[in-house]
Amino acid sequence: MSEMYRDAAARSDAAVLTINPVFARPGEATALPRFELPEAMMASDTAYQIVHDEAMLDGNSRLNLATFVSTWMDDNAQRLYAEAADKNMIDKDEYPATAAIEDRCWRMLADLWHVRDPDNTIGTSTIGSSEACMLGGLALKRLWQERRRAAGQSTETPNLVLSAGVQVVWEKFCNYWDVEARYVPVTEDHLVLDGHELEQYVDEHTIGVVAILGQTYTGLYEPVQQIAAKLDEIQEATGVDVKIHVDGASGAMVAPFCQPDLTWDFAVDRVNSISTSGHKYGLVYPGVGWVVWRDRAACPESLIFHVSYLGGDMPTLALNFSRPGAQVLLQYYQFLRLGREGYRAVQQASIDVATYLSSAIAELPPFELVSTGDTIPVFAWKLVPGERNWDLYDLADRLRMRGWLVPAYPMPDALSDLVVQRIVVRMGLSRDLAELLLTAIREEVDFLERLSAPIPRDAPRTNFTH
């Protein structure tokens, strides 16, 4: 058979979904089109088995050490999730109890993050920290535009200053909202944005600076207080007053409990807004994020929509419209269930596992740590220089064969030649599981070190996407 006909046959086979007759009810089809709606109905048990079996190929999410997203909640949370799965968060008038709980949650976060006046602030839930970042960035842009218009100045060519190590949401923000992204390079001496040479990037068109509390590449915190001090110097020299958005996707739900003496939140006067992910170290299943502004003046009225709520007015902010309400209830459940004491215990346990793993990995001769996991429970390592027949991508492949997802990827920008490997420790990765992971890493490193020739590679490397 020619190559053309083999390809056509393969496409034809791929377009058909074959069902094991054991699972199908008598009279049901045992072959279905894969990319078209089937003509007839089938029993729910059969449909369930088809979806269940294919989803099994995703593997065990608990062993996914690439994701920051929560992969475990307790039985009562599961019950609450099922009971509230039909609630639409945007329907505040139809679901007033859920709307009230949403309001309580962001106010709890405002208190946790040291907002100055609880009665003069605003916040909202979002579909995740990405939407929360978008809203924080939009507020900065609108505030800048309003100031410029009031002064009779041009609102053209706004820019946002951020580390080259930011999560991809900020690249999207700048693309979608016509803002120039000014990336401060990541170097070996400055792995995070720390204020070094910040004056070269900030000018009168800068809408704000993004500070990351828990960089996705390494888990390191960017020093918010230090960045603010540099912006103070810039304002004194130039008159340009630039505010900060703290992207606390992970760290904003860790630092208050495990690093309470760290100054990073609304205690820093230049912090305009803070975003976080409820479904990361907020310990909720995927589908919820949060953003809070230091006061009402920090969030332009033009971003706020008003809806009727129990005969009154409820301000609402969102880029998405219909979205899950269940995860907001799960966030409130976790706040009630754990409290400050529980969050501190859970996050510190994850940090303890992360630092245990990082110290053990640091003892392996091929590796050198880039971070240790003592900020958020995330750490990365690199290969020490030397001739060898394998790299970190090979180790990632070997671990994947054993069910563990431990990504390898290049650092950004000026450090793109440096490949690192990273572990994200979440609630659910126990010390016992960590021991099993270490065993797997040691065994696979031993296997790779004994290779007499490089592993053949037919396809180009695909990089892990942040």
# chains A, B, ... in the order shown; residues from 1 in each chain; ligands from 1
>>> select_by_dssp(residues="region 291-341 of chain A", states="helix (DSSP H, G or I)", output="list in words")
Arg296, Ala297, Ala298, Glu301, Ser302, Leu303, Ala326, Gln327, Val328, Leu329, Leu330, Gln331, Tyr332, Tyr333, Gln334, Phe335, Leu336, Arg337, Leu338, Gly339, Arg340 and Glu341 of chain A
>>> residues_around(residues="Leu392 (chain A)", least_positions_apart="3", cutoff="8 Å", atoms="only C-alpha atoms", output="PyMOL selection string")
chain A and resi 382-383+395-396+408+419-421
>>> write_last_selection(atoms="all heavy atoms", output="PDB file, in the first residue's frame")
ATOM      1  N   LYS A 382      19.108  22.125  38.073  1.00  0.00           N
ATOM      2  CA  LYS A 382      19.742  22.053  36.766  1.00  0.00           C
ATOM      3  C   LYS A 382      20.828  20.998  36.808  1.00  0.00           C
ATOM      4  O   LYS A 382      21.222  20.515  37.883  1.00  0.00           O
ATOM      5  CB  LYS A 382      20.328  23.410  36.386  1.00  0.00           C
ATOM      6  CG  LYS A 382      21.422  23.894  37.344  1.00  0.00           C
ATOM      7  CD  LYS A 382      21.913  25.282  36.961  1.00  0.00           C
ATOM      8  CE  LYS A 382      22.984  25.776  37.938  1.00  0.00           C
ATOM      9  NZ  LYS A 382      23.480  27.122  37.586  1.00  0.00           N
ATOM     10  N   LEU A 383      21.315  20.633  35.647  1.00  0.00           N
ATOM     11  CA  LEU A 383      22.448  19.711  35.553  1.00  0.00           C
ATOM     12  C   LEU A 383      23.750  20.476  35.759  1.00  0.00           C
ATOM     13  O   LEU A 383      23.913  21.594  35.254  1.00  0.00           O
ATOM     14  CB  LEU A 383      22.476  19.039  34.182  1.00  0.00           C
ATOM     15  CG  LEU A 383      21.473  17.897  33.938  1.00  0.00           C
ATOM     16  CD1 LEU A 383      21.510  17.494  32.471  1.00  0.00           C
ATOM     17  CD2 LEU A 383      21.774  16.710  34.831  1.00  0.00           C
ATOM     18  N   LEU A 395      15.339  12.534  31.576  1.00  0.00           N
ATOM     19  CA  LEU A 395      14.876  12.149  32.906  1.00  0.00           C
ATOM     20  C   LEU A 395      13.369  12.347  33.032  1.00  0.00           C
ATOM     21  O   LEU A 395      12.672  11.492  33.600  1.00  0.00           O
ATOM     22  CB  LEU A 395      15.609  12.972  33.969  1.00  0.00           C
ATOM     23  CG  LEU A 395      15.181  12.713  35.419  1.00  0.00           C
ATOM     24  CD1 LEU A 395      15.324  11.249  35.801  1.00  0.00           C
ATOM     25  CD2 LEU A 395      15.971  13.602  36.377  1.00  0.00           C
ATOM     26  N   ALA A 396      12.853  13.461  32.499  1.00  0.00           N
ATOM     27  CA  ALA A 396      11.407  13.695  32.525  1.00  0.00           C
ATOM     28  C   ALA A 396      10.664  12.578  31.793  1.00  0.00           C
ATOM     29  O   ALA A 396       9.619  12.100  32.263  1.00  0.00           O
ATOM     30  CB  ALA A 396      11.074  15.056  31.906  1.00  0.00           C
ATOM     31  N   ALA A 408      10.650  19.323  32.394  1.00  0.00           N
ATOM     32  CA  ALA A 408      11.913  20.003  32.121  1.00  0.00           C
ATOM     33  C   ALA A 408      11.627  21.069  31.068  1.00  0.00           C
ATOM     34  O   ALA A 408      10.827  20.849  30.153  1.00  0.00           O
ATOM     35  CB  ALA A 408      12.964  19.017  31.620  1.00  0.00           C
ATOM     36  N   VAL A 419      18.425  24.793  30.933  1.00  0.00           N
ATOM     37  CA  VAL A 419      17.250  23.924  31.106  1.00  0.00           C
ATOM     38  C   VAL A 419      17.181  23.506  32.570  1.00  0.00           C
ATOM     39  O   VAL A 419      18.193  23.113  33.160  1.00  0.00           O
ATOM     40  CB  VAL A 419      17.336  22.684  30.198  1.00  0.00           C
ATOM     41  CG1 VAL A 419      16.203  21.709  30.487  1.00  0.00           C
ATOM     42  CG2 VAL A 419      17.314  23.109  28.731  1.00  0.00           C
ATOM     43  N   VAL A 420      16.004  23.612  33.147  1.00  0.00           N
ATOM     44  CA  VAL A 420      15.801  23.211  34.536  1.00  0.00           C
ATOM     45  C   VAL A 420      14.664  22.195  34.609  1.00  0.00           C
ATOM     46  O   VAL A 420      13.883  22.027  33.663  1.00  0.00           O
ATOM     47  CB  VAL A 420      15.485  24.417  35.450  1.00  0.00           C
ATOM     48  CG1 VAL A 420      16.615  25.422  35.432  1.00  0.00           C
ATOM     49  CG2 VAL A 420      14.166  25.075  35.061  1.00  0.00           C
ATOM     50  N   GLN A 421      14.575  21.530  35.743  1.00  0.00           N
ATOM     51  CA  GLN A 421      13.480  20.614  36.016  1.00  0.00           C
ATOM     52  C   GLN A 421      12.825  21.076  37.315  1.00  0.00           C
ATOM     53  O   GLN A 421      13.501  21.574  38.225  1.00  0.00           O
ATOM     54  CB  GLN A 421      13.991  19.178  36.141  1.00  0.00           C
ATOM     55  CG  GLN A 421      12.907  18.126  35.994  1.00  0.00           C
ATOM     56  CD  GLN A 421      13.481  16.774  35.569  1.00  0.00           C
ATOM     57  OE1 GLN A 421      14.679  16.554  35.646  1.00  0.00           O
ATOM     58  NE2 GLN A 421      12.625  15.872  35.133  1.00  0.00           N
TER      59      GLN A 421
END
>>> select_by_dssp(residues="region 12-130 of chain A", states="strand (DSSP E)", output="PyMOL selection string")
chain A and resi 16-18+31-33+122-126
>>> closest_atom_pairs(of="region 257-336 of chain A", to="region 112-126 of chain A", cutoff="6 Å", atoms="only C-alpha atoms", output="Markdown table")
| residue | atom | partner | partner_atom | distance |
| --- | --- | --- | --- | --- |
| A:Asp265 | CA | A:Trp113 | CA | 5.6 |
| A:Phe266 | CA | A:Val115 | CA | 5.5 |
| A:Val288 | CA | A:Thr126 | CA | 5.6 |
| A:Gly289 | CA | A:Thr126 | CA | 4.7 |
| A:Trp290 | CA | A:Ser125 | CA | 4.5 |
| A:Val291 | CA | A:Gly123 | CA | 5.5 |
| A:Val292 | CA | A:Gly123 | CA | 4.1 |
| A:Trp293 | CA | A:Ile122 | CA | 5.7 |
| A:Arg294 | CA | A:Val115 | CA | 5.8 |
| A:Asp295 | CA | A:Thr121 | CA | 4.0 |
| A:Arg296 | CA | A:Thr121 | CA | 4.8 |
>>> closest_atom_pairs(of="region 7-71 of chain A", to="region 375-379 of chain A", cutoff="10 Å", atoms="only C-alpha atoms", output="Markdown table")
| residue | atom | partner | partner_atom | distance |
| --- | --- | --- | --- | --- |
| A:Leu65 | CA | A:Val378 | CA | 9.5 |
| A:Ala66 | CA | A:Val378 | CA | 9.8 |
| A:Phe68 | CA | A:Val378 | CA | 9.0 |
>>> residues_around(residues="Trp177 (chain A)", least_positions_apart="5", cutoff="12 Å", atoms="only C-alpha atoms", output="PyMOL selection string")
chain A and resi 134-135+137-142+157-160+169-172
>>> write_last_selection(atoms="C-alpha atoms", output="JSON list (two decimals), in the first residue's frame")
[["chain", "number", "residue", "atom", "x", "y", "z"],
["A", 134, "MET", "CA", -6.39, 40.70, 33.50],
["A", 135, "LEU", "CA", -8.68, 42.75, 35.76],
["A", 137, "GLY", "CA", -3.92, 45.04, 34.66],
["A", 138, "LEU", "CA", -7.01, 46.70, 33.17],
["A", 139, "ALA", "CA", -7.48, 48.76, 36.33],
["A", 140, "LEU", "CA", -3.88, 49.99, 36.07],
["A", 141, "LYS", "CA", -4.40, 50.92, 32.42],
["A", 142, "ARG", "CA", -7.66, 52.77, 33.07],
["A", 157, "THR", "CA", 1.56, 53.73, 23.80],
["A", 158, "PRO", "CA", 0.98, 52.49, 27.36],
["A", 159, "ASN", "CA", 3.54, 49.99, 28.68],
["A", 160, "LEU", "CA", 3.72, 47.47, 31.51],
["A", 169, "VAL", "CA", -1.22, 35.44, 31.05],
["A", 170, "TRP", "CA", 0.70, 38.71, 31.13],
["A", 171, "GLU", "CA", 1.84, 38.25, 27.54],
["A", 172, "LYS", "CA", -1.83, 37.72, 26.68]]
>>> residues_around(residues="Ala100 (chain A)", least_positions_apart="2", cutoff="12 Å", atoms="only C-alpha atoms", output="PyMOL selection string")
chain A and resi 89+91-98+102-107+124-125+309-310+314-315+325+328-329+332
>>> write_last_selection(atoms="N, CA and C atoms", output="CSV table (one decimal), in the first residue's frame")
chain,number,residue,atom,x,y,z
A,89,MET,N,-22.3,31.6,38.7
A,89,MET,CA,-21.8,32.6,39.6
A,89,MET,C,-22.3,34.0,39.1
A,91,ASP,N,-25.2,34.8,38.0
A,91,ASP,CA,-26.6,35.1,38.4
A,91,ASP,C,-26.7,35.4,39.9
A,92,LYS,N,-26.3,36.6,40.2
A,92,LYS,CA,-26.3,37.0,41.6
A,92,LYS,C,-27.7,37.3,42.1
A,93,ASP,N,-28.6,37.7,41.3
A,93,ASP,CA,-30.0,37.9,41.7
A,93,ASP,C,-30.7,36.6,41.9
A,94,GLU,N,-30.4,35.6,41.1
A,94,GLU,CA,-31.0,34.3,41.2
A,94,GLU,C,-30.4,33.5,42.4
A,95,TYR,N,-29.1,33.7,42.6
A,95,TYR,CA,-28.4,32.9,43.7
A,95,TYR,C,-27.8,33.9,44.7
A,96,PRO,N,-28.7,34.6,45.5
A,96,PRO,CA,-28.2,35.6,46.4
A,96,PRO,C,-27.3,35.0,47.5
A,97,ALA,N,-27.5,33.8,47.9
A,97,ALA,CA,-26.7,33.2,49.0
A,97,ALA,C,-25.3,33.0,48.5
A,98,THR,N,-25.1,32.5,47.3
A,98,THR,CA,-23.8,32.3,46.7
A,98,THR,C,-23.1,33.6,46.5
A,102,GLU,N,-19.6,34.8,48.1
A,102,GLU,CA,-18.5,35.4,47.3
A,102,GLU,C,-17.9,36.7,47.9
A,103,ASP,N,-18.9,37.5,48.3
A,103,ASP,CA,-18.5,38.8,48.9
A,103,ASP,C,-17.7,38.5,50.2
A,104,ARG,N,-18.1,37.6,51.0
A,104,ARG,CA,-17.4,37.2,52.3
A,104,ARG,C,-16.0,36.8,52.0
A,105,CYS,N,-15.8,36.0,50.9
A,105,CYS,CA,-14.5,35.4,50.6
A,105,CYS,C,-13.5,36.5,50.3
A,106,TRP,N,-13.9,37.4,49.3
A,106,TRP,CA,-12.8,38.3,48.9
A,106,TRP,C,-12.6,39.3,50.1
A,107,ARG,N,-13.6,39.5,50.9
A,107,ARG,CA,-13.3,40.4,52.1
A,107,ARG,C,-12.4,39.7,53.1
A,124,THR,N,-13.4,40.7,43.8
A,124,THR,CA,-14.3,39.8,43.1
A,124,THR,C,-13.7,38.4,42.9
A,125,SER,N,-14.5,37.4,42.8
A,125,SER,CA,-14.0,36.1,42.3
A,125,SER,C,-13.9,36.2,40.8
A,309,TYR,N,-29.4,43.5,43.9
A,309,TYR,CA,-29.2,42.4,44.8
A,309,TYR,C,-30.0,42.6,46.1
A,310,LEU,N,-31.0,41.7,46.3
A,310,LEU,CA,-31.9,41.8,47.5
A,310,LEU,C,-32.4,43.2,47.7
A,314,MET,N,-25.3,45.6,43.9
A,314,MET,CA,-24.1,44.9,44.1
A,314,MET,C,-23.1,45.1,42.9
A,315,PRO,N,-22.0,45.7,43.2
A,315,PRO,CA,-21.0,45.9,42.1
A,315,PRO,C,-20.4,44.6,41.7
A,325,GLY,N,-20.3,28.6,40.1
A,325,GLY,CA,-20.5,29.1,41.5
A,325,GLY,C,-20.0,28.1,42.5
A,328,VAL,N,-16.7,28.8,44.3
A,328,VAL,CA,-16.7,29.8,45.3
A,328,VAL,C,-17.2,29.3,46.6
A,329,LEU,N,-18.2,28.4,46.5
A,329,LEU,CA,-18.7,27.7,47.8
A,329,LEU,C,-17.6,26.8,48.4
A,332,TYR,N,-15.2,29.0,50.3
A,332,TYR,CA,-15.7,29.4,51.6
A,332,TYR,C,-15.6,28.2,52.5
>>> residues_around(residues="Gln49 (chain A)", least_positions_apart="2", cutoff="12 Å", atoms="only C-alpha atoms", output="list in words")
Ile19, Asn20, Pro21, Val22, Phe23, Ala24, Arg25, Met42, Ala43, Ser44, Asp45, Thr46, Ala47, Val51, His52, Asp53, Glu54, Ala55 and Met56 of chain A
>>> write_last_selection(atoms="N, CA, C and O atoms", output="PDB file, in the first residue's frame")
ATOM      1  N   ILE A  19     -16.556   0.425  20.002  1.00  0.00           N
ATOM      2  CA  ILE A  19     -17.016   0.128  21.360  1.00  0.00           C
ATOM      3  C   ILE A  19     -16.971  -1.372  21.590  1.00  0.00           C
ATOM      4  O   ILE A  19     -17.448  -2.159  20.772  1.00  0.00           O
ATOM      5  N   ASN A  20     -16.386  -1.770  22.696  1.00  0.00           N
ATOM      6  CA  ASN A  20     -16.359  -3.184  23.061  1.00  0.00           C
ATOM      7  C   ASN A  20     -17.791  -3.685  23.231  1.00  0.00           C
ATOM      8  O   ASN A  20     -18.565  -3.111  23.999  1.00  0.00           O
ATOM      9  N   PRO A  21     -18.199  -4.734  22.533  1.00  0.00           N
ATOM     10  CA  PRO A  21     -19.583  -5.237  22.634  1.00  0.00           C
ATOM     11  C   PRO A  21     -19.974  -5.597  24.067  1.00  0.00           C
ATOM     12  O   PRO A  21     -21.164  -5.576  24.398  1.00  0.00           O
ATOM     13  N   VAL A  22     -19.001  -5.900  24.917  1.00  0.00           N
ATOM     14  CA  VAL A  22     -19.322  -6.227  26.311  1.00  0.00           C
ATOM     15  C   VAL A  22     -19.973  -5.035  27.011  1.00  0.00           C
ATOM     16  O   VAL A  22     -20.835  -5.200  27.877  1.00  0.00           O
ATOM     17  N   PHE A  23     -19.575  -3.812  26.629  1.00  0.00           N
ATOM     18  CA  PHE A  23     -20.091  -2.620  27.290  1.00  0.00           C
ATOM     19  C   PHE A  23     -21.388  -2.113  26.664  1.00  0.00           C
ATOM     20  O   PHE A  23     -22.107  -1.337  27.289  1.00  0.00           O
ATOM     21  N   ALA A  24     -21.659  -2.467  25.429  1.00  0.00           N
ATOM     22  CA  ALA A  24     -22.823  -1.951  24.717  1.00  0.00           C
ATOM     23  C   ALA A  24     -24.072  -2.759  25.053  1.00  0.00           C
ATOM     24  O   ALA A  24     -24.003  -3.978  25.235  1.00  0.00           O
ATOM     25  N   ARG A  25     -25.195  -2.089  25.138  1.00  0.00           N
ATOM     26  CA  ARG A  25     -26.477  -2.767  25.339  1.00  0.00           C
ATOM     27  C   ARG A  25     -26.894  -3.460  24.041  1.00  0.00           C
ATOM     28  O   ARG A  25     -26.488  -3.032  22.950  1.00  0.00           O
ATOM     29  N   MET A  42     -27.808   6.371  23.193  1.00  0.00           N
ATOM     30  CA  MET A  42     -27.267   5.160  23.793  1.00  0.00           C
ATOM     31  C   MET A  42     -27.506   5.228  25.299  1.00  0.00           C
ATOM     32  O   MET A  42     -27.811   6.290  25.853  1.00  0.00           O
ATOM     33  N   ALA A  43     -27.372   4.119  25.952  1.00  0.00           N
ATOM     34  CA  ALA A  43     -27.564   4.067  27.393  1.00  0.00           C
ATOM     35  C   ALA A  43     -26.496   4.923  28.091  1.00  0.00           C
ATOM     36  O   ALA A  43     -25.355   5.004  27.644  1.00  0.00           O
ATOM     37  N   SER A  44     -26.889   5.559  29.187  1.00  0.00           N
ATOM     38  CA  SER A  44     -25.943   6.408  29.912  1.00  0.00           C
ATOM     39  C   SER A  44     -24.754   5.603  30.420  1.00  0.00           C
ATOM     40  O   SER A  44     -23.627   6.114  30.476  1.00  0.00           O
ATOM     41  N   ASP A  45     -24.972   4.325  30.810  1.00  0.00           N
ATOM     42  CA  ASP A  45     -23.869   3.494  31.282  1.00  0.00           C
ATOM     43  C   ASP A  45     -22.826   3.284  30.191  1.00  0.00           C
ATOM     44  O   ASP A  45     -21.621   3.282  30.456  1.00  0.00           O
ATOM     45  N   THR A  46     -23.300   3.101  28.958  1.00  0.00           N
ATOM     46  CA  THR A  46     -22.375   2.897  27.839  1.00  0.00           C
ATOM     47  C   THR A  46     -21.579   4.175  27.572  1.00  0.00           C
ATOM     48  O   THR A  46     -20.351   4.148  27.407  1.00  0.00           O
ATOM     49  N   ALA A  47     -22.287   5.311  27.531  1.00  0.00           N
ATOM     50  CA  ALA A  47     -21.618   6.585  27.299  1.00  0.00           C
ATOM     51  C   ALA A  47     -20.607   6.870  28.411  1.00  0.00           C
ATOM     52  O   ALA A  47     -19.489   7.335  28.151  1.00  0.00           O
ATOM     53  N   VAL A  51     -16.387   7.439  27.952  1.00  0.00           N
ATOM     54  CA  VAL A  51     -15.671   8.625  28.421  1.00  0.00           C
ATOM     55  C   VAL A  51     -14.694   8.258  29.533  1.00  0.00           C
ATOM     56  O   VAL A  51     -13.543   8.711  29.551  1.00  0.00           O
ATOM     57  N   HIS A  52     -15.127   7.422  30.448  1.00  0.00           N
ATOM     58  CA  HIS A  52     -14.284   7.005  31.566  1.00  0.00           C
ATOM     59  C   HIS A  52     -13.006   6.332  31.076  1.00  0.00           C
ATOM     60  O   HIS A  52     -11.904   6.644  31.540  1.00  0.00           O
ATOM     61  N   ASP A  53     -13.146   5.429  30.142  1.00  0.00           N
ATOM     62  CA  ASP A  53     -11.992   4.673  29.663  1.00  0.00           C
ATOM     63  C   ASP A  53     -10.991   5.577  28.947  1.00  0.00           C
ATOM     64  O   ASP A  53      -9.776   5.404  29.086  1.00  0.00           O
ATOM     65  N   GLU A  54     -11.500   6.534  28.154  1.00  0.00           N
ATOM     66  CA  GLU A  54     -10.567   7.401  27.440  1.00  0.00           C
ATOM     67  C   GLU A  54      -9.874   8.358  28.409  1.00  0.00           C
ATOM     68  O   GLU A  54      -8.679   8.639  28.282  1.00  0.00           O
ATOM     69  N   ALA A  55     -10.614   8.875  29.409  1.00  0.00           N
ATOM     70  CA  ALA A  55     -10.029   9.809  30.367  1.00  0.00           C
ATOM     71  C   ALA A  55      -8.952   9.145  31.222  1.00  0.00           C
ATOM     72  O   ALA A  55      -8.066   9.829  31.752  1.00  0.00           O
ATOM     73  N   MET A  56      -9.019   7.801  31.362  1.00  0.00           N
ATOM     74  CA  MET A  56      -7.991   7.102  32.127  1.00  0.00           C
ATOM     75  C   MET A  56      -6.594   7.322  31.563  1.00  0.00           C
ATOM     76  O   MET A  56      -5.591   7.247  32.275  1.00  0.00           O
TER      77      MET A  56
END
>>> residues_around(residues="Val284 (chain A)", least_positions_apart="4", cutoff="6 Å", atoms="only C-alpha atoms", output="ChimeraX atom specification")
/A:70,278-279
>>> atom_distance(atom1="CA of Ala110 (chain A)", atom2="CA of Val271 (chain A)")
12.6 Å
>>> closest_residue(among="A:Pro324, A:Leu162, A:Arg431, A:Ser129", to="Asp86 (chain A)", atoms="only C-alpha atoms")
A:Pro324
>>> atom_distance(atom1="CA of Leu109 (chain A)", atom2="CA of Ala345 (chain A)")
18.0 Å
>>> residues_around(residues="Trp381 (chain A)", least_positions_apart="5", cutoff="8 Å", atoms="only C-alpha atoms", output="list in words")
Phe367, Glu368, Leu369, Val370, Ser371, Val420, Gln421 and Arg422 of chain A
>>> closest_residue(among="A:Cys299, A:Ile207, A:Leu405, A:Leu37", to="Ile441 (chain A)", atoms="only C-alpha atoms")
A:Leu405
>>> decode(residues="region 226-239 of chain A", atoms="N, CA and C atoms", output="mmCIF file, in the first residue's frame")
data_model
loop_
_atom_site.group_PDB
_atom_site.id
_atom_site.type_symbol
_atom_site.label_atom_id
_atom_site.label_comp_id
_atom_site.auth_asym_id
_atom_site.auth_seq_id
_atom_site.Cartn_x
_atom_site.Cartn_y
_atom_site.Cartn_z
ATOM 1 N N GLN A 226 11.165 45.816 47.955
ATOM 2 C CA GLN A 226 12.369 46.316 47.289
ATOM 3 C C GLN A 226 12.024 46.986 45.959
ATOM 4 N N ILE A 227 11.086 46.402 45.221
ATOM 5 C CA ILE A 227 10.639 47.008 43.958
ATOM 6 C C ILE A 227 9.975 48.350 44.232
ATOM 7 N N ALA A 228 9.146 48.396 45.274
ATOM 8 C CA ALA A 228 8.470 49.644 45.625
ATOM 9 C C ALA A 228 9.476 50.722 46.008
ATOM 10 N N ALA A 229 10.524 50.343 46.733
ATOM 11 C CA ALA A 229 11.549 51.322 47.124
ATOM 12 C C ALA A 229 12.242 51.900 45.892
ATOM 13 N N LYS A 230 12.489 51.050 44.892
ATOM 14 C CA LYS A 230 13.117 51.544 43.661
ATOM 15 C C LYS A 230 12.166 52.487 42.916
ATOM 16 N N LEU A 231 10.864 52.176 42.933
ATOM 17 C CA LEU A 231 9.884 53.055 42.294
ATOM 18 C C LEU A 231 9.785 54.392 43.029
ATOM 19 N N ASP A 232 9.993 54.368 44.355
ATOM 20 C CA ASP A 232 10.052 55.617 45.113
ATOM 21 C C ASP A 232 11.206 56.483 44.617
ATOM 22 N N GLU A 233 12.364 55.856 44.404
ATOM 23 C CA GLU A 233 13.528 56.587 43.908
ATOM 24 C C GLU A 233 13.252 57.166 42.519
ATOM 25 N N ILE A 234 12.589 56.370 41.672
ATOM 26 C CA ILE A 234 12.282 56.830 40.311
ATOM 27 C C ILE A 234 11.327 58.017 40.356
ATOM 28 N N GLN A 235 10.324 57.954 41.236
ATOM 29 C CA GLN A 235 9.383 59.071 41.344
ATOM 30 C C GLN A 235 10.082 60.329 41.838
ATOM 31 N N GLU A 236 10.979 60.168 42.788
ATOM 32 C CA GLU A 236 11.694 61.327 43.325
ATOM 33 C C GLU A 236 12.563 61.981 42.250
ATOM 34 N N ALA A 237 13.104 61.137 41.352
ATOM 35 C CA ALA A 237 13.997 61.664 40.315
ATOM 36 C C ALA A 237 13.245 62.205 39.107
ATOM 37 N N THR A 238 12.089 61.616 38.797
ATOM 38 C CA THR A 238 11.401 61.947 37.537
ATOM 39 C C THR A 238 9.988 62.481 37.714
ATOM 40 N N GLY A 239 9.397 62.266 38.872
ATOM 41 C CA GLY A 239 8.004 62.644 39.082
ATOM 42 C C GLY A 239 7.009 61.603 38.616
#
